[in-house]
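Next comes coords-v8.cif, with mmCIF, C-alpha atoms.
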data_input
#
loop_
_atom_site.group_PDB
_atom_site.id
_atom_site.type_symbol
_atom_site.label_atom_id
_atom_site.label_comp_id
_atom_site.auth_asym_id
_atom_site.auth_seq_id
_atom_site.Cartn_x
_atom_site.Cartn_y
_atom_site.Cartn_z
ATOM 1 C CA MET A 30 -14.939 -43.071 22.824
ATOM 2 C CA VAL A 31 -16.894 -45.247 20.364
ATOM 3 C CA ARG A 32 -18.076 -42.153 18.509
ATOM 4 C CA LEU A 33 -14.466 -40.887 18.225
ATOM 5 C CA ALA A 34 -13.332 -44.252 16.806
ATOM 6 C CA VAL A 35 -16.128 -44.133 14.225
ATOM 7 C CA LEU A 36 -15.168 -40.590 13.200
ATOM 8 C CA LEU A 37 -11.494 -41.534 12.834
ATOM 9 C CA LEU A 38 -12.414 -44.595 10.758
ATOM 10 C CA ALA A 39 -14.590 -42.446 8.514
ATOM 11 C CA ALA A 40 -11.778 -39.917 8.096
ATOM 12 C CA CYS A 41 -9.297 -42.665 7.124
ATOM 13 C CA SER A 42 -11.760 -44.013 4.561
ATOM 14 C CA ALA A 43 -12.223 -40.542 3.113
ATOM 15 C CA PHE A 44 -8.449 -40.055 2.873
ATOM 16 C CA ALA A 45 -8.162 -43.381 1.025
ATOM 17 C CA GLN A 46 -10.759 -42.218 -1.515
ATOM 18 C CA GLY A 47 -8.985 -38.895 -2.080
ATOM 19 C CA THR A 48 -11.983 -36.800 -1.044
ATOM 20 C CA TRP A 49 -11.672 -33.591 0.965
ATOM 21 C CA THR A 50 -12.127 -34.293 4.675
ATOM 22 C CA PRO A 51 -12.695 -31.482 7.208
ATOM 23 C CA LEU A 52 -10.229 -31.118 10.088
ATOM 24 C CA PHE A 53 -12.284 -28.336 11.680
ATOM 25 C CA ASP A 54 -16.055 -28.449 12.029
ATOM 26 C CA GLY A 55 -16.519 -24.681 12.292
ATOM 27 C CA LYS A 56 -18.159 -25.028 15.695
ATOM 28 C CA SER A 57 -15.760 -26.557 18.209
ATOM 29 C CA LEU A 58 -12.070 -27.121 18.914
ATOM 30 C CA SER A 59 -12.514 -30.892 18.756
ATOM 31 C CA GLY A 60 -9.181 -32.439 17.715
ATOM 32 C CA TRP A 61 -7.271 -29.182 18.234
ATOM 33 C CA ARG A 62 -5.221 -27.861 21.135
ATOM 34 C CA ALA A 63 -3.339 -24.677 21.854
ATOM 35 C CA ALA A 64 0.376 -24.787 21.055
ATOM 36 C CA ALA A 65 2.654 -24.916 24.101
ATOM 37 C CA PHE A 66 4.212 -21.483 23.592
ATOM 38 C CA LYS A 67 5.034 -19.623 26.813
ATOM 39 C CA SER A 68 2.632 -16.779 26.079
ATOM 40 C CA GLN A 69 -0.025 -18.883 24.323
ATOM 41 C CA PRO A 70 -3.541 -17.405 24.679
ATOM 42 C CA ALA A 71 -6.511 -19.759 24.888
ATOM 43 C CA LEU A 72 -7.977 -20.768 21.545
ATOM 44 C CA LYS A 73 -11.510 -19.712 20.653
ATOM 45 C CA VAL A 74 -14.050 -20.457 17.979
ATOM 46 C CA GLU A 75 -15.498 -17.232 16.687
ATOM 47 C CA ALA A 76 -17.826 -16.790 13.708
ATOM 48 C CA GLY A 77 -17.032 -20.255 12.356
ATOM 49 C CA ALA A 78 -13.248 -19.892 12.625
ATOM 50 C CA ILE A 79 -10.456 -20.820 15.027
ATOM 51 C CA LEU A 80 -9.277 -17.554 16.533
ATOM 52 C CA ILE A 81 -5.544 -17.565 17.320
ATOM 53 C CA GLU A 82 -4.933 -14.406 19.315
ATOM 54 C CA ALA A 83 -1.549 -12.687 19.296
ATOM 55 C CA GLY A 84 1.088 -14.148 21.585
ATOM 56 C CA ALA A 85 4.394 -12.646 22.662
ATOM 57 C CA PRO A 86 5.500 -13.350 20.066
ATOM 58 C CA LEU A 87 4.165 -16.768 18.975
ATOM 59 C CA SER A 88 0.791 -18.430 19.324
ATOM 60 C CA GLY A 89 -0.746 -21.379 17.539
ATOM 61 C CA ALA A 90 -3.252 -24.198 17.143
ATOM 62 C CA VAL A 91 -2.106 -27.819 16.765
ATOM 63 C CA ARG A 92 -3.744 -30.981 15.463
ATOM 64 C CA PRO A 93 -1.822 -33.753 17.323
ATOM 65 C CA ASP A 94 -3.516 -36.659 15.516
ATOM 66 C CA PHE A 95 -2.310 -35.755 12.009
ATOM 67 C CA LYS A 96 -0.569 -38.827 10.524
ATOM 68 C CA LEU A 97 -0.090 -38.205 6.775
ATOM 69 C CA LYS A 98 3.505 -37.789 5.595
ATOM 70 C CA ALA A 99 3.376 -37.426 1.795
ATOM 71 C CA ASP A 100 1.031 -37.517 -1.190
ATOM 72 C CA TYR A 101 -1.598 -35.284 0.334
ATOM 73 C CA GLU A 102 -3.096 -31.830 -0.020
ATOM 74 C CA ILE A 103 -4.188 -29.328 2.605
ATOM 75 C CA ARG A 104 -6.440 -26.337 2.045
ATOM 76 C CA TRP A 105 -7.792 -23.654 4.361
ATOM 77 C CA GLU A 106 -8.905 -20.049 4.570
ATOM 78 C CA ALA A 107 -7.350 -17.474 6.866
ATOM 79 C CA MET A 108 -7.572 -13.816 7.806
ATOM 80 C CA ARG A 109 -5.142 -11.469 9.529
ATOM 81 C CA LYS A 110 -7.357 -9.743 12.098
ATOM 82 C CA SER A 111 -4.705 -7.530 13.656
ATOM 83 C CA GLY A 112 -0.939 -7.187 13.710
ATOM 84 C CA GLY A 113 1.547 -7.038 10.887
ATOM 85 C CA ASP A 114 3.246 -10.403 10.501
ATOM 86 C CA PHE A 115 2.338 -14.000 9.694
ATOM 87 C CA PHE A 116 -1.184 -14.993 10.654
ATOM 88 C CA SER A 117 -1.655 -18.601 9.474
ATOM 89 C CA SER A 118 1.749 -20.174 8.896
ATOM 90 C CA LEU A 119 1.330 -23.939 8.712
ATOM 91 C CA THR A 120 3.775 -26.554 9.977
ATOM 92 C CA PHE A 121 3.255 -29.934 8.315
ATOM 93 C CA PRO A 122 5.070 -33.250 7.753
ATOM 94 C CA VAL A 123 7.035 -34.231 4.648
ATOM 95 C CA GLU A 124 8.062 -37.869 4.983
ATOM 96 C CA ASP A 125 10.070 -37.966 8.244
ATOM 97 C CA SER A 126 10.689 -34.205 8.407
ATOM 98 C CA PHE A 127 8.620 -31.106 9.074
ATOM 99 C CA VAL A 128 8.569 -27.699 7.406
ATOM 100 C CA THR A 129 6.523 -24.514 7.745
ATOM 101 C CA PHE A 130 4.724 -22.651 4.989
ATOM 102 C CA VAL A 131 5.124 -19.016 6.052
ATOM 103 C CA THR A 132 2.216 -16.667 5.277
ATOM 104 C CA GLY A 133 3.288 -13.047 5.472
ATOM 105 C CA GLY A 134 6.429 -13.202 7.570
ATOM 106 C CA TRP A 135 9.359 -10.833 8.031
ATOM 107 C CA GLY A 136 7.184 -7.742 8.274
ATOM 108 C CA GLY A 137 4.046 -9.027 6.618
ATOM 109 C CA ASP A 138 4.563 -9.889 2.955
ATOM 110 C CA ILE A 139 7.032 -12.788 2.581
ATOM 111 C CA THR A 140 5.802 -16.303 1.837
ATOM 112 C CA GLY A 141 7.781 -19.509 1.418
ATOM 113 C CA ILE A 142 9.001 -22.735 3.016
ATOM 114 C CA SER A 143 11.169 -22.844 6.147
ATOM 115 C CA SER A 144 13.560 -24.514 5.951
ATOM 116 C CA ILE A 145 15.289 -26.050 2.920
ATOM 117 C CA ASP A 146 18.951 -27.029 3.233
ATOM 118 C CA GLY A 147 19.063 -24.935 6.405
ATOM 119 C CA TRP A 148 17.786 -21.768 4.732
ATOM 120 C CA ASP A 149 14.622 -20.004 5.890
ATOM 121 C CA ALA A 150 11.831 -18.921 3.562
ATOM 122 C CA SER A 151 13.322 -15.441 3.546
ATOM 123 C CA ASP A 152 16.582 -16.766 2.068
ATOM 124 C CA ASN A 153 15.786 -19.790 -0.117
ATOM 125 C CA GLU A 154 14.299 -20.143 -3.599
ATOM 126 C CA THR A 155 10.713 -20.379 -2.315
ATOM 127 C CA ARG A 156 10.798 -16.753 -1.156
ATOM 128 C CA ASN A 157 7.878 -14.857 -2.647
ATOM 129 C CA TYR A 158 5.993 -11.658 -1.916
ATOM 130 C CA PHE A 159 2.261 -11.283 -1.372
ATOM 131 C CA THR A 160 0.356 -8.294 0.011
ATOM 132 C CA PHE A 161 -2.136 -9.403 2.664
ATOM 133 C CA GLU A 162 -4.869 -6.985 3.685
ATOM 134 C CA THR A 163 -6.028 -7.007 7.300
ATOM 135 C CA GLY A 164 -9.638 -8.151 7.594
ATOM 136 C CA LYS A 165 -9.688 -10.059 4.300
ATOM 137 C CA TRP A 166 -10.070 -13.822 3.882
ATOM 138 C CA TYR A 167 -7.486 -15.653 1.757
ATOM 139 C CA SER A 168 -7.552 -19.246 0.538
ATOM 140 C CA PHE A 169 -4.421 -21.395 0.758
ATOM 141 C CA ARG A 170 -3.540 -24.819 -0.601
ATOM 142 C CA ILE A 171 -0.429 -26.969 -0.172
ATOM 143 C CA GLN A 172 0.410 -30.127 -2.127
ATOM 144 C CA VAL A 173 2.953 -32.479 -0.564
ATOM 145 C CA THR A 174 4.790 -35.313 -2.334
ATOM 146 C CA ALA A 175 8.147 -36.944 -1.669
ATOM 147 C CA ALA A 176 9.561 -35.114 -4.701
ATOM 148 C CA LYS A 177 7.937 -31.693 -4.637
ATOM 149 C CA LEU A 178 6.212 -29.053 -2.520
ATOM 150 C CA GLN A 179 3.692 -26.707 -4.102
ATOM 151 C CA ALA A 180 1.560 -23.971 -2.575
ATOM 152 C CA TRP A 181 -1.063 -21.538 -3.810
ATOM 153 C CA ILE A 182 -2.773 -18.428 -2.477
ATOM 154 C CA GLY A 183 -6.071 -18.390 -4.299
ATOM 155 C CA ASP A 184 -5.151 -19.326 -7.871
ATOM 156 C CA GLN A 185 -1.647 -17.848 -7.605
ATOM 157 C CA SER A 186 1.266 -20.289 -7.357
ATOM 158 C CA VAL A 187 3.700 -19.111 -4.678
ATOM 159 C CA VAL A 188 5.778 -22.269 -4.092
ATOM 160 C CA ASP A 189 6.903 -24.890 -6.619
ATOM 161 C CA VAL A 190 10.099 -26.541 -5.435
ATOM 162 C CA ASN A 191 11.750 -29.896 -6.093
ATOM 163 C CA ILE A 192 12.840 -31.411 -2.769
ATOM 164 C CA THR A 193 14.516 -34.604 -3.992
ATOM 165 C CA GLY A 194 17.839 -34.903 -2.183
ATOM 166 C CA ARG A 195 17.207 -31.732 -0.175
ATOM 167 C CA THR A 196 17.373 -31.381 3.617
ATOM 168 C CA LEU A 197 14.045 -30.277 5.089
ATOM 169 C CA SER A 198 13.795 -28.927 8.611
ATOM 170 C CA LEU A 199 12.036 -26.473 10.892
ATOM 171 C CA ARG A 200 13.410 -23.075 11.719
ATOM 172 C CA PRO A 201 15.325 -23.487 15.006
ATOM 173 C CA GLY A 202 13.393 -22.556 18.120
ATOM 174 C CA ASP A 203 9.818 -22.941 19.276
ATOM 175 C CA THR A 204 8.417 -23.695 15.823
ATOM 176 C CA LYS A 205 8.715 -27.377 16.796
ATOM 177 C CA LEU A 206 5.785 -26.839 19.173
ATOM 178 C CA THR A 207 3.430 -26.767 16.169
ATOM 179 C CA THR A 208 4.293 -30.293 14.997
ATOM 180 C CA PRO A 209 2.990 -32.561 13.612
ATOM 181 C CA PHE A 210 0.442 -30.197 12.073
ATOM 182 C CA GLY A 211 -0.308 -26.730 13.318
ATOM 183 C CA PHE A 212 -0.991 -23.102 12.514
ATOM 184 C CA MET A 213 1.086 -20.310 13.988
ATOM 185 C CA THR A 214 0.997 -16.507 14.279
ATOM 186 C CA TYR A 215 3.671 -13.954 15.197
ATOM 187 C CA ASN A 216 2.592 -10.889 17.221
ATOM 188 C CA THR A 217 -0.558 -11.156 15.151
ATOM 189 C CA THR A 218 -4.132 -12.357 15.587
ATOM 190 C CA GLY A 219 -5.318 -14.713 12.885
ATOM 191 C CA ALA A 220 -8.527 -16.599 12.105
ATOM 192 C CA ILE A 221 -8.530 -20.022 10.426
ATOM 193 C CA ARG A 222 -11.480 -21.813 8.835
ATOM 194 C CA LYS A 223 -12.409 -24.522 6.295
ATOM 195 C CA VAL A 224 -9.337 -26.665 7.049
ATOM 196 C CA GLU A 225 -9.512 -29.771 4.845
ATOM 197 C CA VAL A 226 -7.195 -32.592 3.765
ATOM 198 C CA ARG A 227 -7.187 -35.221 1.019
ATOM 199 C CA THR A 228 -4.762 -37.822 -0.261
ATOM 200 C CA LEU A 229 -3.411 -37.643 -3.806
#
In structure tokens, write the structure found in this file.
Amino acid sequence: MVRLAVLLLAACSAFAQGTWTPLFDGKSLSGWRAAAFKSQPALKVEAGAILIEAGAPLSGAVRPDFKLKADYEIRWEAMRKSGGDFFSSLTFPVEDSFVTFVTGGWGGDITGISSIDGWDASDNETRNYFTFETGKWYSFRIQVTAAKLQAWIGDQSVVDVNITGRTLSLRPGDTKLTTPFGFMTYNTTGAIRKVEVRTL
């Protein structure tokens, strides 16, 4: 218990300094739990990554202790190991709301934010297309402020949206089970590694 308190204090100090702080150590599931989807498989650590095996249809990994709400950045790497839909969609907080950054949804190539003013990523202005190859690692980064959401895949900007005065929400349904911070897959097995956060 003392060791956990020391680690949390160190993480808070790192956030305050704006340095990248790991949320996954590459070895264990410490701090993570399986999402409470009905068909949720057990999480595994495999080859330095969190393995989220395909559910029916959803599966995910959640970090319940995530407290940041704005003025932060998240980065991670992910791979679609099998399946043909999203493999590392991330639900995260924006002030007092939550949204999901979709990675390869609606058949495998749509990215964007769900939801803005009630519209899913497939139907709002953040809709973008990106071809993900199975078995290949991709790097992702999200920047969150009270005024804007931005996201990149590698060096490519895929989201840049002003959210001032907009209504942010999750897609209706079980997506809420990945709050406050969690990765999700849809009929797809994904691997997640190098998850890091910093304040802006």
I'd like to see the residues matched by the PyMOL selection byres ((chain A and resi 116-130) around 7) on this file, and ideally I'd get them as a compact mmCIF listing (two decimals) with C-alpha atoms, in the coordinates of the input.
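The resulting file, selection02.txt, is reproduced below:
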# COMPACT_ATOMS: atom_id res chain seq x y z
CA LYS A 98 3.50 -37.79 5.60
CA ALA A 99 3.38 -37.43 1.80
CA ALA A 107 -7.35 -17.47 6.87
CA ARG A 109 -5.14 -11.47 9.53
CA ASP A 114 3.25 -10.40 10.50
CA PHE A 115 2.34 -14.00 9.69
CA VAL A 131 5.12 -19.02 6.05
CA THR A 132 2.22 -16.67 5.28
CA GLY A 141 7.78 -19.51 1.42
CA ILE A 142 9.00 -22.74 3.02
CA SER A 143 11.17 -22.84 6.15
CA SER A 144 13.56 -24.51 5.95
CA VAL A 173 2.95 -32.48 -0.56
CA ALA A 175 8.15 -36.94 -1.67
CA LEU A 197 14.04 -30.28 5.09
CA SER A 198 13.80 -28.93 8.61
CA LEU A 199 12.04 -26.47 10.89
CA THR A 207 3.43 -26.77 16.17
CA THR A 208 4.29 -30.29 15.00
CA PRO A 209 2.99 -32.56 13.61
CA PHE A 210 0.44 -30.20 12.07
CA GLY A 211 -0.31 -26.73 13.32
CA PHE A 212 -0.99 -23.10 12.51
CA MET A 213 1.09 -20.31 13.99
CA THR A 214 1.00 -16.51 14.28
CA TYR A 215 3.67 -13.95 15.20
CA THR A 217 -0.56 -11.16 15.15
CA THR A 218 -4.13 -12.36 15.59
CA GLY A 219 -5.32 -14.71 12.88
_Using only C-alpha atoms for the distances, tell me which of A:Glu162, A:Asp152, A:Asp94, A:Asp138 is nearest to A:Met108._
A:Glu162
*asked:* Would you pick out the contacts of A:Gly137 at 6 Å or less, using only C-alpha atoms, so that residues sharing its chain but fewer than 3 positions from it are not included, and give the list as a list in words?
replied: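 These residues fall inside the cut-off: Gly113, Asp114, Gly133 and Gly134 of chain A.
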*asked:* I need the residue nearest A:Gly164 from this list: A:Ala220, A:Ile145, A:Ala83, A:Ala65. Use only C-alpha atoms for the distance.
replied: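 Going through A:Ala220, A:Ile145, A:Ala83, A:Ala65 one by one, the smallest distance to A:Gly164 is for A:Ala220.
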*Write out as a count of residues only the residues lying within 7 Å of A:Asn216, counting all atoms listed in the file and excluding same-chain residues fewer than 4 positions away.*
7
*d(atom CA of A:Gly55, atom CA of A:Val91) in Å*: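 Atom CA of A:Gly55 sits 15.4 Å away from atom CA of A:Val91.
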Can you list what the PyMOL selection byres ((chain A and resi 171) around 7) grabs from this structure, as an mmCIF file with C-alpha atoms, keeping the file's coordinate frame?
data_model
loop_
_atom_site.group_PDB
_atom_site.id
_atom_site.type_symbol
_atom_site.label_atom_id
_atom_site.label_comp_id
_atom_site.auth_asym_id
_atom_site.auth_seq_id
_atom_site.Cartn_x
_atom_site.Cartn_y
_atom_site.Cartn_z
ATOM 1 C CA GLU A 102 -3.096 -31.830 -0.020
ATOM 2 C CA ILE A 103 -4.188 -29.328 2.605
ATOM 3 C CA ARG A 104 -6.440 -26.337 2.045
ATOM 4 C CA PHE A 169 -4.421 -21.395 0.758
ATOM 5 C CA ARG A 170 -3.540 -24.819 -0.601
ATOM 6 C CA GLN A 172 0.410 -30.127 -2.127
ATOM 7 C CA VAL A 173 2.953 -32.479 -0.564
ATOM 8 C CA GLN A 179 3.692 -26.707 -4.102
ATOM 9 C CA ALA A 180 1.560 -23.971 -2.575
ATOM 10 C CA TRP A 181 -1.063 -21.538 -3.810
#
*Rank nothing, just name the residue among A:Lys67, A:Arg62, A:Arg156, A:Arg195 nearest to A:Pro93, using all atoms listed in the file.*
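Going through A:Lys67, A:Arg62, A:Arg156, A:Arg195 one by one, the smallest distance to A:Pro93 is for A:Arg62.
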*What is the distance between atom CA of A:Lys205 and atom CA of A:Thr163, in Å to one decimal?*
26.9 Å
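Once the PyMOL selection byres ((chain A and resi 177) around 6) is applied to the depicted file, the selected set reads Thr174, Ala176, Leu178, Val190, Asn191 and Ile192 of chain A.
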